[in-house]
file model_33.txt (compact mmCIF, C-alpha atoms)
# COMPACT_ATOMS: atom_id res chain seq x y z
CA MET A 1 -63.97 55.18 15.61
CA LYS A 2 -63.39 58.78 16.70
CA ARG A 3 -63.34 60.35 13.24
CA PHE A 4 -66.51 58.51 12.18
CA ARG A 5 -68.41 59.61 15.27
CA HIS A 6 -67.24 63.21 14.73
CA ILE A 7 -68.55 63.20 11.17
CA ALA A 8 -71.70 61.45 12.34
CA LEU A 9 -72.33 64.22 14.89
CA LEU A 10 -71.95 66.81 12.16
CA ALA A 11 -74.41 64.81 10.09
CA VAL A 12 -76.96 64.96 12.91
CA LEU A 13 -76.55 68.71 13.33
CA TRP A 14 -76.78 69.29 9.59
CA ALA A 15 -79.86 67.10 9.30
CA ALA A 16 -81.51 68.86 12.24
CA PHE A 17 -80.89 72.20 10.55
CA LEU A 18 -82.45 70.99 7.32
CA SER A 19 -85.42 69.58 9.21
CA SER A 20 -86.02 72.92 10.95
CA CYS A 21 -86.10 74.54 7.52
CA GLY A 22 -88.66 72.10 6.16
CA GLY A 23 -85.96 69.99 4.45
CA ARG A 24 -84.89 66.41 5.04
CA GLN A 25 -85.86 64.21 7.90
CA LYS A 26 -83.38 63.85 10.70
CA VAL A 27 -80.56 61.38 10.09
CA GLU A 28 -80.27 58.56 12.62
CA VAL A 29 -76.66 57.84 13.53
CA PRO A 30 -75.86 54.74 15.63
CA ASP A 31 -74.26 55.45 18.99
CA THR A 32 -71.56 52.78 19.04
CA SER A 33 -67.81 52.41 18.95
CA GLY A 34 -67.85 50.80 15.51
CA TYR A 35 -65.44 48.40 13.83
CA ALA A 36 -63.58 50.18 11.05
CA ALA A 37 -60.14 51.47 12.03
CA TYR A 38 -59.06 53.49 8.98
CA ALA A 39 -62.10 54.11 6.77
CA GLN A 40 -63.99 57.38 7.10
CA CYS A 41 -67.12 56.60 5.09
CA PHE A 42 -68.29 53.28 6.49
CA ASP A 43 -68.50 51.39 9.74
CA LEU A 44 -69.60 47.94 10.86
CA LEU A 45 -71.73 47.43 13.93
CA PRO A 46 -72.31 43.94 15.36
CA GLU A 47 -76.03 43.18 15.35
CA GLY A 48 -77.09 39.80 16.72
CA GLU A 49 -75.61 37.13 14.46
CA GLY A 50 -75.13 39.65 11.67
CA TRP A 51 -74.04 43.21 10.99
CA ALA A 52 -75.40 46.69 10.60
CA ILE A 53 -73.31 48.22 7.83
CA VAL A 54 -73.31 52.03 7.95
CA SER A 55 -72.34 54.08 4.89
CA LEU A 56 -71.74 57.79 5.35
CA SER A 57 -71.91 60.25 2.47
CA PRO A 58 -69.01 62.72 2.47
CA TYR A 59 -71.13 65.00 0.28
CA ASP A 60 -73.91 65.83 2.74
CA GLY A 61 -73.21 63.80 5.88
CA THR A 62 -76.25 61.55 5.52
CA THR A 63 -76.03 57.87 6.44
CA ASP A 64 -77.61 54.67 5.23
CA THR A 65 -77.63 51.40 7.15
CA LEU A 66 -77.84 47.96 5.59
CA HIS A 67 -78.85 45.22 8.03
CA VAL A 68 -77.32 41.86 7.10
CA THR A 69 -78.72 38.92 9.06
CA GLU A 70 -77.35 36.19 6.79
CA PRO A 71 -74.80 36.05 3.94
CA LEU A 72 -76.02 37.70 0.75
CA GLN A 73 -76.12 35.39 -2.27
CA LYS A 74 -76.94 37.76 -5.14
CA ILE A 75 -74.98 41.00 -5.40
CA VAL A 76 -74.90 43.53 -8.25
CA CYS A 77 -71.69 45.59 -8.54
CA MET A 78 -71.92 48.99 -10.21
CA SER A 79 -68.15 49.41 -9.84
CA THR A 80 -65.45 46.93 -10.82
CA SER A 81 -63.57 47.77 -7.61
CA HIS A 82 -66.43 46.06 -5.76
CA VAL A 83 -65.69 42.97 -7.84
CA GLY A 84 -62.08 43.14 -6.65
CA PHE A 85 -63.11 43.07 -2.99
CA LEU A 86 -65.49 40.14 -3.43
CA ASP A 87 -63.02 38.15 -5.49
CA ALA A 88 -60.26 38.72 -2.93
CA ILE A 89 -62.21 36.96 -0.17
CA GLY A 90 -63.47 34.11 -2.33
CA ALA A 91 -66.99 35.50 -2.77
CA ALA A 92 -66.93 35.95 -6.56
CA ASP A 93 -69.84 33.54 -6.97
CA ALA A 94 -72.12 36.02 -5.18
CA VAL A 95 -71.80 38.45 -8.10
CA VAL A 96 -74.79 38.20 -10.46
CA ALA A 97 -74.35 41.42 -12.47
CA VAL A 98 -71.63 43.99 -13.10
CA SER A 99 -71.63 47.43 -14.65
CA GLY A 100 -69.11 47.15 -17.49
CA CYS A 101 -68.51 43.42 -17.89
CA ASP A 102 -65.88 44.13 -20.55
CA PHE A 103 -63.77 46.01 -18.00
CA VAL A 104 -63.60 43.23 -15.40
CA SER A 105 -60.14 41.84 -14.63
CA SER A 106 -60.97 39.00 -12.22
CA PRO A 107 -60.46 35.67 -14.05
CA ARG A 108 -63.21 34.04 -11.98
CA ILE A 109 -65.76 36.75 -12.78
CA ARG A 110 -64.75 36.82 -16.44
CA GLU A 111 -65.31 33.07 -16.55
CA ARG A 112 -68.76 33.48 -15.01
CA ILE A 113 -69.56 36.26 -17.49
CA ALA A 114 -68.61 33.96 -20.38
CA GLU A 115 -70.84 31.23 -18.92
CA GLY A 116 -73.80 33.61 -18.69
CA GLN A 117 -73.83 33.55 -14.88
CA VAL A 118 -73.04 37.27 -14.56
CA ALA A 119 -75.18 39.78 -16.45
CA GLU A 120 -74.44 43.28 -17.71
CA ALA A 121 -75.97 45.76 -15.26
CA GLY A 122 -75.68 48.77 -17.54
CA TYR A 123 -74.43 52.16 -16.43
CA ASP A 124 -75.72 54.94 -14.23
CA ALA A 125 -77.03 56.83 -17.27
CA ALA A 126 -78.56 53.72 -18.83
CA PRO A 127 -79.11 50.91 -16.30
CA ALA A 128 -80.46 47.53 -17.40
CA TYR A 129 -83.60 47.88 -15.28
CA GLU A 130 -85.37 44.84 -16.75
CA THR A 131 -82.36 42.60 -16.17
CA LEU A 132 -81.91 43.81 -12.61
CA TYR A 133 -85.59 43.36 -11.84
CA GLN A 134 -85.53 39.80 -13.17
CA LEU A 135 -82.44 38.98 -11.13
CA GLN A 136 -84.06 40.19 -7.89
CA PRO A 137 -80.67 40.73 -6.21
CA ASP A 138 -80.20 40.98 -2.47
CA VAL A 139 -78.51 44.33 -3.01
CA VAL A 140 -77.18 46.63 -5.72
CA LEU A 141 -73.88 48.16 -4.61
CA SER A 142 -73.73 51.63 -6.09
CA TYR A 143 -71.31 54.54 -5.92
CA SER A 144 -71.76 58.28 -6.13
CA LEU A 145 -69.91 61.15 -7.78
CA GLY A 146 -72.19 63.74 -6.26
CA GLY A 147 -75.80 63.72 -5.20
CA ALA A 148 -78.52 61.10 -5.41
CA SER A 149 -78.69 59.08 -8.62
CA PRO A 150 -81.93 58.70 -10.64
CA MET A 151 -80.92 55.05 -11.07
CA ASP A 152 -80.89 54.50 -7.32
CA GLU A 153 -84.31 56.09 -6.96
CA ARG A 154 -85.80 54.01 -9.78
CA LEU A 155 -84.38 50.75 -8.44
CA THR A 156 -85.78 51.56 -5.02
CA GLU A 157 -89.20 52.08 -6.61
CA LEU A 158 -88.84 48.59 -8.14
CA GLY A 159 -88.28 47.13 -4.69
CA ILE A 160 -84.54 46.59 -5.16
CA ARG A 161 -82.26 47.54 -2.28
CA VAL A 162 -79.52 49.96 -3.28
CA PHE A 163 -76.55 50.58 -1.00
CA THR A 164 -74.09 53.33 -1.93
CA LEU A 165 -70.40 53.01 -1.09
CA TYR A 166 -67.77 55.75 -1.11
CA GLU A 167 -64.52 53.79 -1.05
CA HIS A 168 -63.32 55.70 -4.13
CA LEU A 169 -63.30 58.87 -2.00
CA GLU A 170 -61.13 57.45 0.79
CA SER A 171 -57.73 59.10 0.59
CA HIS A 172 -55.80 56.74 2.86
CA PRO A 173 -54.81 53.57 0.96
CA LEU A 174 -55.49 51.41 4.02
CA ALA A 175 -58.88 53.07 4.47
CA ARG A 176 -59.82 52.05 0.95
CA ALA A 177 -58.47 48.53 1.47
CA GLU A 178 -60.43 48.19 4.71
CA TYR A 179 -63.65 47.99 2.71
CA VAL A 180 -62.78 44.32 2.31
CA ARG A 181 -64.26 43.98 5.81
CA LEU A 182 -67.52 45.47 4.61
CA PHE A 183 -67.65 42.86 1.85
CA GLY A 184 -66.82 40.19 4.41
CA ALA A 185 -69.84 41.29 6.45
CA LEU A 186 -72.04 41.17 3.33
CA THR A 187 -71.06 37.62 2.42
CA GLY A 188 -70.42 35.94 5.77
CA ARG A 189 -66.65 35.91 5.15
CA MET A 190 -65.42 38.14 7.93
CA ALA A 191 -62.65 35.74 8.93
CA ALA A 192 -61.21 35.78 5.40
CA ALA A 193 -61.64 39.57 5.18
CA ASP A 194 -59.96 40.24 8.53
CA SER A 195 -57.10 37.89 7.67
CA LEU A 196 -56.51 39.53 4.30
CA PHE A 197 -56.70 43.04 5.68
CA ALA A 198 -54.13 42.17 8.35
CA VAL A 199 -51.76 40.99 5.61
CA VAL A 200 -52.36 44.17 3.59
CA ARG A 201 -51.97 46.47 6.59
CA ASP A 202 -48.77 44.82 7.81
CA GLY A 203 -47.34 44.67 4.29
CA TYR A 204 -48.14 48.32 3.65
CA GLN A 205 -46.58 49.49 6.88
CA ALA A 206 -43.51 47.34 6.27
CA SER A 207 -43.06 48.77 2.76
CA SER A 208 -43.63 52.38 3.81
CA ILE A 209 -40.39 54.33 4.23
CA TYR A 210 -41.83 55.53 7.54
CA GLY A 211 -42.66 52.07 8.92
CA PRO A 212 -45.42 51.30 11.42
CA GLU A 213 -43.73 53.25 14.22
CA LYS A 214 -43.64 56.52 12.26
CA MET A 215 -47.14 55.99 10.83
CA ASP A 216 -48.52 55.53 14.35
CA GLU A 217 -47.19 58.94 15.38
CA CYS A 218 -49.89 60.63 13.28
CA PRO A 219 -52.73 62.37 15.14
CA GLU A 220 -55.36 59.81 14.24
CA LYS A 221 -55.52 56.47 12.48
CA GLY A 222 -56.93 56.80 9.03
CA GLN A 223 -55.72 60.34 8.62
CA SER A 224 -52.93 61.36 6.29
CA SER A 225 -49.40 61.18 7.68
CA ILE A 226 -48.09 63.42 4.91
CA ASN A 227 -47.62 66.25 7.37
CA CYS A 228 -46.24 64.04 10.15
CA GLY A 229 -42.68 64.29 8.91
CA GLN A 230 -40.48 65.31 6.04
CA ILE A 231 -40.05 63.05 3.04
CA MET A 232 -36.99 60.94 3.76
CA ASP A 233 -35.98 60.14 0.20
CA GLY A 234 -37.43 62.86 -1.95
CA ARG A 235 -38.03 61.35 -5.36
CA LYS A 236 -39.81 64.04 -7.37
CA VAL A 237 -42.64 62.67 -9.46
CA LEU A 238 -44.69 63.93 -12.39
CA VAL A 239 -48.01 62.09 -12.67
CA ASN A 240 -50.68 61.48 -15.31
CA LEU A 241 -51.29 62.62 -18.88
CA PRO A 242 -53.71 65.26 -20.14
CA TYR A 243 -57.32 64.00 -20.22
CA ALA A 244 -59.65 65.73 -22.69
CA GLY A 245 -57.06 68.47 -22.95
CA VAL A 246 -56.73 68.97 -19.19
CA TRP A 247 -53.78 67.78 -17.08
CA TYR A 248 -54.94 66.81 -13.60
CA ILE A 249 -52.58 66.65 -10.62
CA PRO A 250 -53.86 64.93 -7.46
CA GLY A 251 -53.96 66.97 -4.26
CA ALA A 252 -51.33 66.30 -1.61
CA GLU A 253 -53.88 64.52 0.63
CA SER A 254 -55.18 62.23 -2.13
CA TYR A 255 -54.96 58.46 -2.45
CA MET A 256 -52.28 58.52 -5.16
CA ALA A 257 -50.23 61.25 -3.52
CA ARG A 258 -50.29 59.31 -0.25
CA LEU A 259 -49.00 56.15 -1.96
CA ILE A 260 -46.19 58.05 -3.64
CA HIS A 261 -45.35 59.85 -0.41
CA ASP A 262 -45.17 56.63 1.61
CA ALA A 263 -42.86 55.20 -1.07
CA GLY A 264 -40.49 58.14 -0.61
CA GLY A 265 -41.70 60.45 -3.34
CA GLU A 266 -43.35 63.81 -3.85
CA VAL A 267 -46.03 64.60 -6.44
CA LEU A 268 -44.87 67.74 -8.20
CA GLY A 269 -47.47 70.49 -8.58
CA SER A 270 -49.71 68.91 -5.94
CA GLU A 271 -51.84 71.34 -3.94
CA PRO A 272 -51.15 71.03 -0.19
CA GLY A 273 -53.97 70.33 2.25
CA THR A 274 -56.50 68.90 -0.20
CA SER A 275 -57.44 65.59 -1.78
CA GLN A 276 -58.98 67.34 -4.77
CA SER A 277 -57.16 67.32 -8.10
CA GLY A 278 -55.90 70.55 -9.57
CA MET A 279 -55.33 71.46 -13.21
CA ILE A 280 -52.08 72.54 -14.81
CA SER A 281 -51.16 73.74 -18.28
CA LEU A 282 -48.85 71.89 -20.65
CA GLU A 283 -46.31 74.64 -20.07
CA ARG A 284 -46.47 74.07 -16.33
CA ALA A 285 -46.17 70.31 -16.90
CA TYR A 286 -42.94 70.94 -18.84
CA GLU A 287 -41.57 72.95 -15.91
CA LEU A 288 -42.39 70.07 -13.56
CA ALA A 289 -40.87 67.57 -16.01
CA CYS A 290 -37.60 69.43 -15.73
CA GLU A 291 -37.59 68.76 -11.97
CA ALA A 292 -38.96 65.22 -12.04
CA ASP A 293 -36.99 62.07 -11.33
CA PHE A 294 -39.87 59.87 -12.53
CA TRP A 295 -43.08 60.14 -14.55
CA LEU A 296 -45.81 57.82 -13.28
CA ASN A 297 -49.25 56.81 -14.60
CA ALA A 298 -48.43 57.97 -18.11
CA GLY A 299 -51.52 56.44 -19.70
CA ASN A 300 -51.48 53.05 -21.41
CA VAL A 301 -48.56 53.67 -23.76
CA GLN A 302 -46.06 50.88 -24.36
CA SER A 303 -43.14 52.78 -25.88
CA MET A 304 -41.51 56.20 -25.99
CA ASP A 305 -42.60 56.59 -29.60
CA GLU A 306 -46.19 55.94 -28.58
CA LEU A 307 -45.85 58.45 -25.75
CA ARG A 308 -44.60 61.11 -28.15
CA ARG A 309 -47.50 60.38 -30.49
CA GLU A 310 -49.82 61.28 -27.62
CA ASN A 311 -48.36 64.79 -27.79
CA ALA A 312 -45.31 65.91 -29.73
CA ALA A 313 -44.38 68.23 -26.84
CA PHE A 314 -43.54 65.21 -24.70
CA ALA A 315 -40.39 64.68 -26.77
CA SER A 316 -38.92 67.74 -25.07
CA PHE A 317 -39.76 66.59 -21.52
CA PRO A 318 -36.41 65.80 -19.80
CA VAL A 319 -38.06 63.04 -17.73
CA ALA A 320 -39.35 61.26 -20.86
CA ALA A 321 -36.49 58.76 -20.96
CA PRO A 322 -36.18 54.96 -20.56
CA GLY A 323 -36.17 53.89 -16.93
CA ARG A 324 -37.94 57.05 -15.79
CA VAL A 325 -41.47 56.68 -17.23
CA TYR A 326 -43.88 54.09 -15.85
CA THR A 327 -47.52 53.21 -16.43
CA ASN A 328 -49.82 51.44 -13.97
CA SER A 329 -51.21 49.29 -16.79
CA ARG A 330 -49.17 46.09 -16.49
CA ARG A 331 -52.44 44.27 -15.67
CA ALA A 332 -54.68 46.18 -18.08
CA GLN A 333 -57.30 44.24 -20.04
CA THR A 334 -57.84 44.34 -23.80
CA GLY A 335 -61.41 45.55 -23.18
CA GLY A 336 -60.11 48.67 -21.47
CA GLY A 337 -60.27 47.65 -17.82
CA ASN A 338 -57.28 47.95 -15.51
CA ASP A 339 -56.71 45.68 -12.53
CA PHE A 340 -54.88 48.55 -10.82
CA TRP A 341 -58.32 49.97 -10.00
CA GLU A 342 -59.91 46.57 -9.29
CA SER A 343 -57.67 44.35 -7.17
CA GLY A 344 -55.40 47.32 -6.52
CA ALA A 345 -58.06 48.86 -4.29
CA VAL A 346 -57.70 45.79 -2.05
CA ARG A 347 -53.89 45.54 -2.29
CA PRO A 348 -52.26 48.95 -1.78
CA ASP A 349 -49.40 47.03 -0.18
CA LEU A 350 -48.51 45.64 -3.61
CA ILE A 351 -48.80 49.07 -5.23
CA LEU A 352 -46.55 50.57 -2.58
CA LYS A 353 -44.04 47.76 -3.07
CA ASP A 354 -44.01 48.54 -6.82
CA LEU A 355 -43.35 52.21 -6.14
CA ARG A 356 -40.52 51.45 -3.74
CA THR A 357 -38.98 49.18 -6.38
CA ILE A 358 -39.27 51.87 -9.06
CA PHE A 359 -37.75 54.59 -6.89
CA ALA A 360 -34.90 52.28 -5.90
CA GLY A 361 -34.17 51.26 -9.49
CA GLY A 362 -35.10 47.65 -8.77
CA PRO A 363 -35.80 44.90 -11.34
CA GLU A 364 -38.86 45.48 -13.50
CA ASP A 365 -39.83 41.80 -13.50
CA SER A 366 -40.67 42.12 -9.80
CA LEU A 367 -43.36 44.75 -10.49
CA TYR A 368 -47.00 43.71 -10.19
CA TYR A 369 -49.10 46.66 -11.41
CA TYR A 370 -46.48 48.90 -13.01
CA GLN A 371 -44.29 48.60 -16.09
CA SER A 372 -41.73 50.86 -17.65
CA VAL A 373 -42.20 52.60 -20.96
CA LYS A 374 -39.41 51.38 -23.25

call {"tool": "encode", "arguments": {"input": "model_33.txt", "output": "structure tokens"}}
result
Amino acid sequence: MKRFRHIALLAVLWAAFLSSCGGRQKVEVPDTSGYAAYAQCFDLLPEGEGWAIVSLSPYDGTTDTLHVTEPLQKIVCMSTSHVGFLDAIGAADAVVAVSGCDFVSSPRIRERIAEGQVAEAGYDAAPAYETLYQLQPDVVLSYSLGGASPMDERLTELGIRVFTLYEHLESHPLARAEYVRLFGALTGRMAAADSLFAVVRDGYQASSIYGPEKMDECPEKGQSSINCGQIMDGRKVLVNLPYAGVWYIPGAESYMARLIHDAGGEVLGSEPGTSQSGMISLERAYELACEADFWLNAGNVQSMDELRRENAAFASFPVAAPGRVYTNSRRAQTGGGNDFWESGAVRPDLILKDLRTIFAGGPEDSLYYYQSVK
């Protein structure tokens, strides 16, 4: 995978620089063609009868390799999206602990939680170290929002293997979905993972307004095609609600912006050339609302009255009207979890199909993750 090897080379040069300054030890990067086609932060390397799974940190370019010689039987998930991948390939029974059991959407995992077969793993700030030590899992799948986690270091000291994934930082929807292959390698279910990913990839490309031919014109697989052509059916979209008083708008190269773009829309106020979210004021949001055809991801509200109770200013937003405001919480759980971020990570094809239906004014009962605000 060309992009992976390019990043890997940068990782080697960066590590060598740090080593010369008395810093880290040199990072070892495998010299191989790899297996992942879209993902930027992982690769799979055949190794005997098993796999060498390589995870690359986008923060500092360092890599970690997990050698899997036989299917893992006891996996701890520190993110519910990891649960979604395992459940999708029929490997839910390998999950022995989850961070945030109340937020899980998978019926099979929820059943196992109720039966006491899946424990609460705690959170990064307060992990259930005793529980995890007693479970003696094959691996704890972690995630990172920055640097190294004290939890990861402590678990390593206890002899528990921690493997950090960065699927939440992949901006291409198919790159994020491709992590199902990583979970297939972990559990000996590569055939199921490859089969599912093929369905997702083909479905996504078929639903995209650009189609597989246009998507393949982009400079490199896995990279954004946002700049590969003009939007063909420019639905203008306002996204999100203020969080803790701040209204975040995803960058034009982000996961959500890419989904909306491939459905024929444009995220208003989105910063070009970045996947990072920017902040806008309520006044700026009103200006965007005057341009918007649709308002997506408007929290968990069920009605226009509830939306206006969130902020009285929303009553003046021109886009705040029936048939124009949608939430991605159709599959939200009473405990606060949302399947959009669990199984949705595996099925961007279904999300894209929802968005195409919304933009085309299609029937709401055909939506899977989205619902309109009445």

call {"tool": "closest_residue", "arguments": {"input": "model_33.txt", "among": "A:Ile53, A:Val98, A:Ile113, A:Val83", "to": "A:Asp339", "atoms": "all atoms listed in the file"}}
result
A:Val83

call {"tool": "closest_residue", "arguments": {"input": "model_33.txt", "among": "A:Met151, A:Val104, A:Ala285, A:Ala263", "to": "A:Val319", "atoms": "all atoms listed in the file"}}
result
A:Ala285

call {"tool": "atom_distance", "arguments": {"input": "model_33.txt", "atom1": "atom CA of A:Ser149", "atom2": "atom CA of A:Gln134"}}
result
21.0 Å

call {"tool": "residues_near_point", "arguments": {"input": "model_33.txt", "point": "(-50.2, 75.6, -17.8)", "cutoff": "12 Å", "atoms": "all atoms listed in the file", "output": "list in words"}}
result
Pro242, Gly245, Val246, Trp247, Tyr248, Ile249, Gly269, Gly278, Met279, Ile280, Ser281, Leu282, Glu283, Arg284, Ala285, Tyr286, Glu287 and Leu288 of chain A

call {"tool": "write_last_selection", "arguments": {"input": "model_33.txt", "atoms": "C-alpha atoms", "output": "PDB file, in the coordinates of the input"}}
result
ATOM      1  CA  PRO A 242     -53.710  65.260 -20.140  1.00  0.00           C
ATOM      2  CA  GLY A 245     -57.060  68.470 -22.950  1.00  0.00           C
ATOM      3  CA  VAL A 246     -56.730  68.970 -19.190  1.00  0.00           C
ATOM      4  CA  TRP A 247     -53.780  67.780 -17.080  1.00  0.00           C
ATOM      5  CA  TYR A 248     -54.940  66.810 -13.600  1.00  0.00           C
ATOM      6  CA  ILE A 249     -52.580  66.650 -10.620  1.00  0.00           C
ATOM      7  CA  GLY A 269     -47.470  70.490  -8.580  1.00  0.00           C
ATOM      8  CA  GLY A 278     -55.900  70.550  -9.570  1.00  0.00           C
ATOM      9  CA  MET A 279     -55.330  71.460 -13.210  1.00  0.00           C
ATOM     10  CA  ILE A 280     -52.080  72.540 -14.810  1.00  0.00           C
ATOM     11  CA  SER A 281     -51.160  73.740 -18.280  1.00  0.00           C
ATOM     12  CA  LEU A 282     -48.850  71.890 -20.650  1.00  0.00           C
ATOM     13  CA  GLU A 283     -46.310  74.640 -20.070  1.00  0.00           C
ATOM     14  CA  ARG A 284     -46.470  74.070 -16.330  1.00  0.00           C
ATOM     15  CA  ALA A 285     -46.170  70.310 -16.900  1.00  0.00           C
ATOM     16  CA  TYR A 286     -42.940  70.940 -18.840  1.00  0.00           C
ATOM     17  CA  GLU A 287     -41.570  72.950 -15.910  1.00  0.00           C
ATOM     18  CA  LEU A 288     -42.390  70.070 -13.560  1.00  0.00           C
TER      19      LEU A 288
END

call {"tool": "atom_distance", "arguments": {"input": "model_33.txt", "atom1": "atom CA of A:Val237", "atom2": "atom CA of A:Tyr368"}}
result
19.5 Å

call {"tool": "residues_around", "arguments": {"input": "model_33.txt", "residues": "A:Glu178", "least_positions_apart": "2", "cutoff": "7 Å", "atoms": "all atoms listed in the file", "output": "list in words"}}
result
Tyr38, Ala39, Leu174, Ala175, Arg176, Val180, Arg181 and Phe197 of chain A

call {"tool": "residues_near_point", "arguments": {"input": "model_33.txt", "point": "(-55.9, 41.4, -11.4)", "cutoff": "6 Å", "atoms": "only C-alpha atoms", "output": "list in words"}}
result
Ser105, Ser106, Asp339 and Ser343 of chain A

call {"tool": "axis_aligned_box", "arguments": {"input": "model_33.txt", "around": "stretch 307-311 of chain A", "padding_each_side": "4 Å", "output": "JSON"}}
result
{"center_x": -47.2, "center_y": 61.6, "center_z": -28.1, "size_x": 13.2, "size_y": 14.3, "size_z": 12.7}

call {"tool": "closest_atom_pairs", "arguments": {"input": "model_33.txt", "of": "stretch 107-154 of chain A", "to": "stretch 74-80 of chain A", "cutoff": "7 Å", "atoms": "all atoms listed in the file", "output": "tab-separated table"}}
result
residue	atom	partner	partner_atom	distance
A:Pro137	CA	A:Lys74	CA	4.9
A:Asp138	CA	A:Lys74	CA	5.3
A:Val139	CA	A:Ile75	CA	5.4
A:Val140	CA	A:Val76	CA	4.6
A:Leu141	CA	A:Cys77	CA	5.2
A:Ser142	CA	A:Met78	CA	5.2

call {"tool": "residues_around", "arguments": {"input": "model_33.txt", "residues": "A:Ala345", "least_positions_apart": "6", "cutoff": "8 Å", "atoms": "only C-alpha atoms", "output": "number ranges by chain"}}
result
A: 81, 84-85, 173, 176-177

call {"tool": "closest_residue", "arguments": {"input": "model_33.txt", "among": "A:Pro363, A:Tyr123, A:Thr131, A:Val96", "to": "A:Arg110", "atoms": "only C-alpha atoms"}}
result
A:Val96

call {"tool": "closest_residue", "arguments": {"input": "model_33.txt", "among": "A:Leu86, A:Leu307, A:Ala315, A:Val118", "to": "A:Met190", "atoms": "only C-alpha atoms"}}
result
A:Leu86

call {"tool": "residues_around", "arguments": {"input": "model_33.txt", "residues": "A:Gly323", "least_positions_apart": "2", "cutoff": "9 Å", "atoms": "only C-alpha atoms", "output": "list in words"}}
result
Phe294, Ala320, Ala321, Val325, Tyr326, Ile358, Gly361, Ser372, Val373 and Lys374 of chain A

call {"tool": "closest_residue", "arguments": {"input": "model_33.txt", "among": "A:Leu350, A:Gly265, A:Trp341, A:Arg308", "to": "A:Arg201", "atoms": "only C-alpha atoms"}}
result
A:Leu350

call {"tool": "residues_around", "arguments": {"input": "model_33.txt", "residues": "A:Asp93", "least_positions_apart": "3", "cutoff": "9 Å", "atoms": "all atoms listed in the file", "output": "number ranges by chain"}}
result
A: 73-74, 86-87, 90, 96, 108-109, 112, 117

call {"tool": "decode", "arguments": {"input": "model_33.txt", "residues": "stretch 110-128 of chain A", "atoms": "C-alpha atoms", "output": "PDB file, in the first residue's frame"}}
result
ATOM      1  CA  ARG A 110     -26.104  -6.919  25.210  1.00  0.00           C
ATOM      2  CA  GLU A 111     -27.405 -10.435  25.784  1.00  0.00           C
ATOM      3  CA  ARG A 112     -23.958 -11.602  26.890  1.00  0.00           C
ATOM      4  CA  ILE A 113     -23.648  -8.576  29.185  1.00  0.00           C
ATOM      5  CA  ALA A 114     -26.981  -9.466  30.809  1.00  0.00           C
ATOM      6  CA  GLU A 115     -25.781 -13.059  31.266  1.00  0.00           C
ATOM      7  CA  GLY A 116     -22.581 -11.893  32.971  1.00  0.00           C
ATOM      8  CA  GLN A 117     -20.367 -13.132  30.126  1.00  0.00           C
ATOM      9  CA  VAL A 118     -19.112  -9.640  29.244  1.00  0.00           C
ATOM     10  CA  ALA A 119     -17.657  -7.451  31.994  1.00  0.00           C
ATOM     11  CA  GLU A 120     -17.385  -3.682  32.334  1.00  0.00           C
ATOM     12  CA  ALA A 121     -13.829  -2.669  31.426  1.00  0.00           C
ATOM     13  CA  GLY A 122     -14.057   0.826  32.855  1.00  0.00           C
ATOM     14  CA  TYR A 123     -12.796   3.925  31.085  1.00  0.00           C
ATOM     15  CA  ASP A 124      -9.421   5.357  30.190  1.00  0.00           C
ATOM     16  CA  ALA A 125      -9.482   7.592  33.270  1.00  0.00           C
ATOM     17  CA  ALA A 126     -10.690   4.797  35.559  1.00  0.00           C
ATOM     18  CA  PRO A 127     -10.049   1.326  34.103  1.00  0.00           C
ATOM     19  CA  ALA A 128     -11.222  -1.801  35.930  1.00  0.00           C
TER      20      ALA A 128
END
